[in-house]
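Student: Coordinates in structure34.csv, CSV, C-alpha atoms, are listed below.
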```
chain,number,residue,atom,x,y,z
A,132,MET,CA,-8.4,42.7,-10.8
A,133,ASN,CA,-11.1,41.2,-12.9
A,134,SER,CA,-14.0,39.9,-10.7
A,135,THR,CA,-14.0,36.5,-12.4
A,136,LEU,CA,-10.3,36.0,-11.8
A,137,LEU,CA,-10.7,37.1,-8.2
A,138,HIS,CA,-13.5,34.7,-7.6
A,139,ALA,CA,-11.5,31.9,-9.1
A,140,ARG,CA,-8.5,32.7,-6.9
A,141,GLN,CA,-10.8,32.8,-3.8
A,142,LEU,CA,-12.2,29.3,-4.7
A,143,ARG,CA,-8.7,27.9,-5.2
A,144,THR,CA,-7.6,29.4,-1.8
A,145,ALA,CA,-10.7,27.9,-0.1
A,146,ALA,CA,-10.0,24.5,-1.6
A,147,LEU,CA,-6.4,24.6,-0.3
A,148,VAL,CA,-7.5,25.7,3.2
A,149,THR,CA,-10.0,22.8,3.2
A,150,ALA,CA,-7.3,20.3,2.1
A,151,LEU,CA,-5.0,21.5,4.8
A,152,SER,CA,-7.7,21.2,7.4
A,153,ILE,CA,-8.4,17.6,6.2
A,154,PHE,CA,-4.7,16.9,6.1
A,155,SER,CA,-4.2,18.0,9.7
A,156,GLY,CA,-6.3,15.0,10.9
A,157,LEU,CA,-4.1,12.4,9.2
A,158,GLY,CA,-1.3,12.5,11.8
A,159,PRO,CA,2.4,12.7,11.3
A,160,VAL,CA,3.3,12.8,7.6
A,161,HIS,CA,6.6,11.6,6.1
A,162,ALA,CA,7.6,12.0,2.5
A,163,CYS,CA,5.9,9.5,0.2
A,164,GLY,CA,4.5,9.5,-3.2
A,165,TYR,CA,1.2,11.0,-2.0
A,166,HIS,CA,3.1,14.1,-1.1
A,167,ASP,CA,6.6,14.0,-2.5
A,168,PRO,CA,7.1,11.4,-5.2
A,169,SER,CA,10.6,10.3,-5.7
A,170,GLY,CA,12.0,7.9,-8.3
A,171,MET,CA,15.2,7.8,-6.3
A,172,ALA,CA,13.3,6.3,-3.3
A,173,VAL,CA,12.0,3.5,-5.6
A,174,GLY,CA,15.5,2.8,-6.9
A,175,MET,CA,16.8,2.6,-3.4
A,176,LEU,CA,14.0,0.2,-2.5
A,177,ASN,CA,15.0,-2.1,-5.3
A,178,LEU,CA,18.6,-2.1,-4.1
A,179,ALA,CA,17.5,-3.0,-0.5
A,180,TYR,CA,15.0,-5.6,-1.7
A,181,PRO,CA,16.1,-7.2,-4.9
A,182,ASP,CA,13.6,-7.5,-7.7
A,183,ALA,CA,11.0,-5.4,-5.8
A,184,LEU,CA,10.4,-3.5,-8.9
A,185,HIS,CA,9.0,-6.6,-10.5
A,186,VAL,CA,5.9,-6.0,-8.4
A,187,ARG,CA,5.0,-3.0,-10.7
A,188,THR,CA,4.9,-5.2,-13.8
A,189,ALA,CA,2.9,-7.9,-12.0
A,190,VAL,CA,0.3,-5.3,-10.8
A,191,TRP,CA,0.0,-3.9,-14.3
A,192,MET,CA,-0.6,-7.4,-15.7
A,193,ALA,CA,-3.2,-8.1,-13.0
A,194,GLN,CA,-5.0,-4.8,-13.7
A,195,ARG,CA,-5.0,-5.6,-17.4
A,196,GLU,CA,-6.6,-9.0,-16.7
A,197,GLY,CA,-9.2,-7.4,-14.4
A,198,ILE,CA,-8.0,-9.3,-11.3
A,199,ILE,CA,-7.4,-6.2,-9.3
A,200,ASP,CA,-8.8,-2.7,-9.7
A,201,ARG,CA,-7.2,-0.2,-12.0
A,202,VAL,CA,-6.3,3.2,-10.6
A,203,ASP,CA,-6.9,6.1,-13.0
A,204,PRO,CA,-4.0,8.4,-13.5
A,205,VAL,CA,-4.1,11.9,-12.0
A,206,VAL,CA,-4.9,14.5,-14.7
A,207,THR,CA,-4.5,17.9,-13.2
A,208,THR,CA,-2.0,20.7,-12.7
A,209,PRO,CA,1.0,19.7,-10.5
A,210,GLN,CA,0.8,21.3,-7.0
A,211,SER,CA,-2.7,22.5,-7.5
A,212,PRO,CA,-5.3,22.4,-4.7
A,213,GLU,CA,-7.3,19.9,-6.8
A,214,LEU,CA,-4.3,17.5,-6.9
A,215,LEU,CA,-3.8,17.9,-3.2
A,216,LEU,CA,-7.4,17.1,-2.5
A,217,LEU,CA,-7.2,14.0,-4.8
A,218,GLN,CA,-4.1,12.8,-3.0
A,219,MET,CA,-5.8,13.3,0.4
A,220,ALA,CA,-8.8,11.2,-0.8
A,221,ARG,CA,-6.5,8.4,-2.1
A,222,LEU,CA,-4.5,8.4,1.1
A,223,ARG,CA,-7.6,8.1,3.2
A,224,ASP,CA,-8.8,5.2,1.0
A,225,VAL,CA,-5.4,3.4,1.4
A,226,GLN,CA,-5.5,3.9,5.1
A,227,ALA,CA,-9.0,2.4,5.3
A,228,GLN,CA,-7.8,-0.6,3.3
A,229,LEU,CA,-4.8,-1.1,5.5
A,230,GLU,CA,-7.0,-0.9,8.6
A,231,ARG,CA,-9.2,-3.7,7.1
A,232,LEU,CA,-6.1,-5.7,6.5
A,233,ARG,CA,-5.0,-5.1,10.1
A,234,THR,CA,-8.4,-6.2,11.4
A,235,ARG,CA,-8.3,-9.4,9.3
A,236,ALA,CA,-4.7,-10.3,10.3
A,237,GLU,CA,-5.5,-9.7,14.0
A,238,SER,CA,-8.6,-11.9,13.8
A,239,GLN,CA,-6.7,-14.7,11.9
A,240,ALA,CA,-3.7,-14.6,14.2
A,241,GLY,CA,-5.8,-15.6,17.3
A,242,LYS,CA,-3.2,-17.0,19.8
A,243,GLN,CA,-0.6,-17.7,17.2
A,244,PRO,CA,2.7,-15.8,17.4
A,245,LEU,CA,2.6,-13.2,14.6
A,246,PRO,CA,6.0,-11.6,13.5
A,247,SER,CA,6.0,-7.9,13.1
A,248,PHE,CA,5.9,-6.8,9.5
A,249,ALA,CA,6.1,-3.7,7.4
A,250,VAL,CA,4.2,-3.1,4.1
A,251,VAL,CA,5.5,-0.7,1.5
A,252,LEU,CA,3.3,0.4,-1.4
A,253,ILE,CA,5.7,0.7,-4.3
A,254,GLY,CA,3.4,3.2,-6.2
A,255,SER,CA,3.6,5.8,-3.4
A,256,MET,CA,6.4,4.5,-1.2
A,257,LEU,CA,4.1,4.6,1.8
A,258,TRP,CA,5.4,2.5,4.7
A,259,THR,CA,3.1,1.0,7.3
A,260,ARG,CA,4.2,-1.1,10.2
A,261,PHE,CA,2.2,-3.8,12.0
A,262,ASP,CA,3.2,-5.2,15.4
A,263,LEU,CA,1.4,-7.6,17.7
A,264,SER,CA,1.1,-6.4,21.3
A,265,GLY,CA,-0.7,-9.0,23.3
A,266,ASP,CA,-3.9,-9.7,21.4
A,267,THR,CA,-3.8,-6.4,19.5
A,268,LEU,CA,-2.2,-5.9,16.2
A,269,THR,CA,-1.1,-2.2,16.1
A,270,MET,CA,-0.7,-0.3,12.9
A,271,ALA,CA,1.5,2.7,12.2
A,272,VAL,CA,0.9,4.4,8.9
A,273,HIS,CA,3.6,6.7,7.5
A,274,ALA,CA,6.4,4.8,9.3
A,275,ASN,CA,9.9,5.8,8.4
A,276,GLY,CA,10.6,2.3,7.3
A,277,PRO,CA,10.8,-1.2,8.7
A,278,SER,CA,12.3,-2.2,12.1
A,279,GLN,CA,15.2,-4.5,12.2
A,280,ASP,CA,13.2,-7.7,12.7
A,281,ASP,CA,10.2,-6.9,10.5
A,282,VAL,CA,9.2,-9.1,7.6
A,283,VAL,CA,9.0,-6.6,4.7
A,284,ILE,CA,6.2,-6.9,2.2
A,285,VAL,CA,6.5,-5.0,-1.1
A,286,THR,CA,3.2,-4.5,-2.9
A,287,ASP,CA,0.8,-1.8,-4.1
A,288,ALA,CA,-2.5,-0.2,-3.1
A,289,PRO,CA,-4.8,-2.2,-5.4
A,290,VAL,CA,-3.3,-5.4,-4.1
A,291,VAL,CA,-3.9,-4.4,-0.5
A,292,ALA,CA,-7.5,-3.5,-1.4
A,293,ALA,CA,-8.1,-6.9,-2.9
A,294,LEU,CA,-6.5,-8.7,0.0
A,295,ALA,CA,-8.5,-6.7,2.6
A,296,ASP,CA,-11.8,-7.4,0.8
A,297,ASP,CA,-11.0,-11.2,0.4
A,298,ARG,CA,-11.0,-10.9,-3.4
A,299,LEU,CA,-7.5,-12.2,-3.5
A,300,SER,CA,-5.6,-14.6,-1.3
A,301,PHE,CA,-2.1,-13.9,0.1
A,302,HIS,CA,-0.9,-17.1,-1.5
A,303,ALA,CA,-2.2,-16.1,-4.9
A,304,ALA,CA,-0.8,-12.6,-4.6
A,305,LEU,CA,2.6,-14.0,-3.6
A,306,GLY,CA,2.7,-16.7,-6.2
A,307,ASN,CA,1.8,-14.2,-9.0
A,308,GLY,CA,4.3,-11.6,-8.0
A,309,LEU,CA,1.8,-9.1,-6.8
A,310,LEU,CA,3.7,-8.9,-3.5
A,311,ARG,CA,7.1,-10.0,-2.4
A,312,SER,CA,8.1,-10.9,1.1
A,313,TYR,CA,11.6,-10.4,2.5
A,314,GLY,CA,13.0,-11.6,5.8
A,315,PRO,CA,14.1,-14.8,7.6
A,316,PRO,CA,12.3,-17.7,6.0
A,317,ASP,CA,10.8,-18.9,9.3
A,318,ARG,CA,9.2,-15.5,10.0
A,319,VAL,CA,8.0,-15.1,6.4
A,320,GLU,CA,6.4,-18.6,6.6
A,321,ARG,CA,4.7,-17.8,9.9
A,322,LEU,CA,3.3,-14.6,8.6
A,323,SER,CA,2.2,-16.2,5.3
A,324,ARG,CA,0.3,-18.9,7.2
A,325,VAL,CA,-1.7,-16.4,9.2
A,326,LEU,CA,-2.5,-14.0,6.4
A,327,ASP,CA,-3.6,-16.9,4.1
A,328,GLN,CA,-5.9,-18.7,6.4
A,329,ARG,CA,-9.1,-17.3,4.8
A,330,ALA,CA,-7.9,-17.4,1.2
A,331,PRO,CA,-11.0,-17.5,-1.1
A,332,ALA,CA,-11.1,-20.6,-3.3
A,333,GLN,CA,-12.3,-18.5,-6.2
A,334,ALA,CA,-9.1,-16.3,-6.2
A,335,LYS,CA,-8.2,-15.9,-9.9
A,336,LEU,CA,-4.6,-16.5,-10.9
A,337,LEU,CA,-2.6,-14.8,-13.5
A,338,SER,CA,-1.0,-16.9,-16.3
A,339,SER,CA,1.9,-19.2,-15.3
A,340,SER,CA,4.2,-17.0,-17.2
A,341,THR,CA,4.2,-14.5,-14.3
A,342,LYS,CA,7.4,-14.8,-12.3
A,343,PRO,CA,6.7,-16.1,-8.7
A,344,SER,CA,7.8,-14.0,-5.7
A,345,GLU,CA,11.0,-15.0,-4.0
A,346,VAL,CA,11.8,-15.0,-0.3
A,347,HIS,CA,15.0,-13.2,0.6
```
Write the structure described by the file as structure tokens, please.
Tutor:
Amino acid sequence: MNSTLLHARQLRTAALVTALSIFSGLGPVHACGYHDPSGMAVGMLNLAYPDALHVRTAVWMAQREGIIDRVDPVVTTPQSPELLLLQMARLRDVQAQLERLRTRAESQAGKQPLPSFAVVLIGSMLWTRFDLSGDTLTMAVHANGPSQDDVVIVTDAPVVAALADDRLSFHAALGNGLLRSYGPPDRVERLSRVLDQRAPAQAKLLSSSTKPSEVH
């Protein structure tokens, strides 16, 4: 075998081994867009949560206006070690953003009763559950889905990042379709009050033509 080709194969193998070693520290992994993208899963989500797909359009509009960060598309060979490494990096970033959101929600809840809720990122179909136990808000990334009494929030990773960093308020995100909440109205309202307590006054809104989120 040509020495150059052999060296290239060795590098690719080493990259894959590194990726797998990183991956082993992420805990239990369920199928989501970071590992197994499925258009069928998104379609089923829209059936379970009507108009959830509208979040995609709202996110695109917000990125075009510079309100939330744009995520560059992946340009690499499918199933390559490079793609796996990039997916690992993006997953770790999202987990860090969700953890910041968890910390903020826990702090804002104080002694208030906070309903359990589940966040699904429509771009990757990654489910994460949040449940208040005493004074601690627990977080379970890669959940199989929501529990029966969870408020369900459909959004996407750039929106979570903006919420976690206080660059966007929960109210502004909801009103501009960047997230949609589903569940009993009283539980949705309680969760919204807690998450929106520290809404920055400078939060920039999209144009009024964006369809507001609806509670189901």
Student: Using only C-alpha atoms, determine which residues lie at most 9 Å from A:Asp280, disregarding the query and same-chain residues fewer than 5 positions distant; provide the list as a list in words.
Tutor: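 Final neighbour list, sorted by chain and number: Pro246, Ser247, Phe248, Gly314 and Pro315 of chain A.
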Student: Please produce an output containing C-alpha atoms for each residue in the selection, written as a CSV table (one decimal), in the frame of the given file.
Tutor:
```csv
chain,number,residue,atom,x,y,z
A,246,PRO,CA,6.0,-11.6,13.5
A,247,SER,CA,6.0,-7.9,13.1
A,248,PHE,CA,5.9,-6.8,9.5
A,314,GLY,CA,13.0,-11.6,5.8
A,315,PRO,CA,14.1,-14.8,7.6
```
Student: Which of these residues is nearest to A:Ala292, using all atoms listed in the file: A:Gln194, A:Asn177, A:Gln228, A:Gln243?
Tutor: A:Gln228
Student: Using all atoms listed in the file, pick whichever of A:Thr259, A:Ser211, A:Asn307, A:Ser238 has the shortest atom-to-atom distance to A:Val225.
Tutor: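 Looking only at the distances to A:Val225, the closest residue turns out to be A:Thr259.
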Student: List as a list in words the residues having at least one atom at most 12 Å from position (-8.2, -5.2, 9.5) as given in the file, counting all atoms listed in the file.
Tutor: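 Residues with an atom at most 12 Å from (-8.2, -5.2, 9.5): Gln226, Ala227, Gln228, Leu229, Glu230, Arg231, Leu232, Arg233, Thr234, Arg235, Ala236, Glu237, Ser238, Gln239, Ala240, Phe261, Thr267, Leu268, Thr269, Met270, Val291, Ala292, Leu294, Ala295, Asp296, Asp297 and Leu326 of chain A.
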Student: Tell me, as a PyMOL selection string, which residues lie within 12 Å of A:Ala249, counting only C-alpha atoms; anything in the same chain fewer than 6 positions away does not count.
Tutor: chain A and resi 229+233+256-263+269-286+311-314+319+322
Student: Residues as selected, C-alpha atoms, written as a compact mmCIF listing (two decimals), in the frame of the given file, can you do that?
Tutor:
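Saved to part_39.txt:
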```txt
# COMPACT_ATOMS: atom_id res chain seq x y z
CA LEU A 229 -4.80 -1.10 5.50
CA ARG A 233 -5.00 -5.10 10.10
CA MET A 256 6.40 4.50 -1.20
CA LEU A 257 4.10 4.60 1.80
CA TRP A 258 5.40 2.50 4.70
CA THR A 259 3.10 1.00 7.30
CA ARG A 260 4.20 -1.10 10.20
CA PHE A 261 2.20 -3.80 12.00
CA ASP A 262 3.20 -5.20 15.40
CA LEU A 263 1.40 -7.60 17.70
CA THR A 269 -1.10 -2.20 16.10
CA MET A 270 -0.70 -0.30 12.90
CA ALA A 271 1.50 2.70 12.20
CA VAL A 272 0.90 4.40 8.90
CA HIS A 273 3.60 6.70 7.50
CA ALA A 274 6.40 4.80 9.30
CA ASN A 275 9.90 5.80 8.40
CA GLY A 276 10.60 2.30 7.30
CA PRO A 277 10.80 -1.20 8.70
CA SER A 278 12.30 -2.20 12.10
CA GLN A 279 15.20 -4.50 12.20
CA ASP A 280 13.20 -7.70 12.70
CA ASP A 281 10.20 -6.90 10.50
CA VAL A 282 9.20 -9.10 7.60
CA VAL A 283 9.00 -6.60 4.70
CA ILE A 284 6.20 -6.90 2.20
CA VAL A 285 6.50 -5.00 -1.10
CA THR A 286 3.20 -4.50 -2.90
CA ARG A 311 7.10 -10.00 -2.40
CA SER A 312 8.10 -10.90 1.10
CA TYR A 313 11.60 -10.40 2.50
CA GLY A 314 13.00 -11.60 5.80
CA VAL A 319 8.00 -15.10 6.40
CA LEU A 322 3.30 -14.60 8.60
```
Student: Which value, in Å to one decimal, gives the distance between atom CA of A:Pro289 and atom CA of A:Arg201?
Tutor: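 Computing the Euclidean distance for atom CA of A:Pro289 and atom CA of A:Arg201 yields 7.3 Å.
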Student: Between atom CA of A:Leu222 and atom CA of A:Ala183, what is the distance, to one decimal in Å?
Tutor: 21.9 Å
Student: I'd like to know which of A:Ala293, A:Ala179, A:Ala189, A:Leu245 is closest to A:Glu320, using all atoms listed in the file.
Tutor: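 Counting all atoms listed in the file, the residue closest to A:Glu320 is A:Leu245.
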Student: Between A:Leu252, A:Phe301, A:Gly174, A:Gly308, which residue has the minimum interatomic distance to A:Ala193, considering all atoms listed in the file?
Tutor: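 Among the listed residues, the smallest separation from A:Ala193 belongs to A:Gly308.
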Student: What's the separation between atom CA of A:His302 and atom CA of A:Ile198, in Å to one decimal place?
Tutor: 14.4 Å
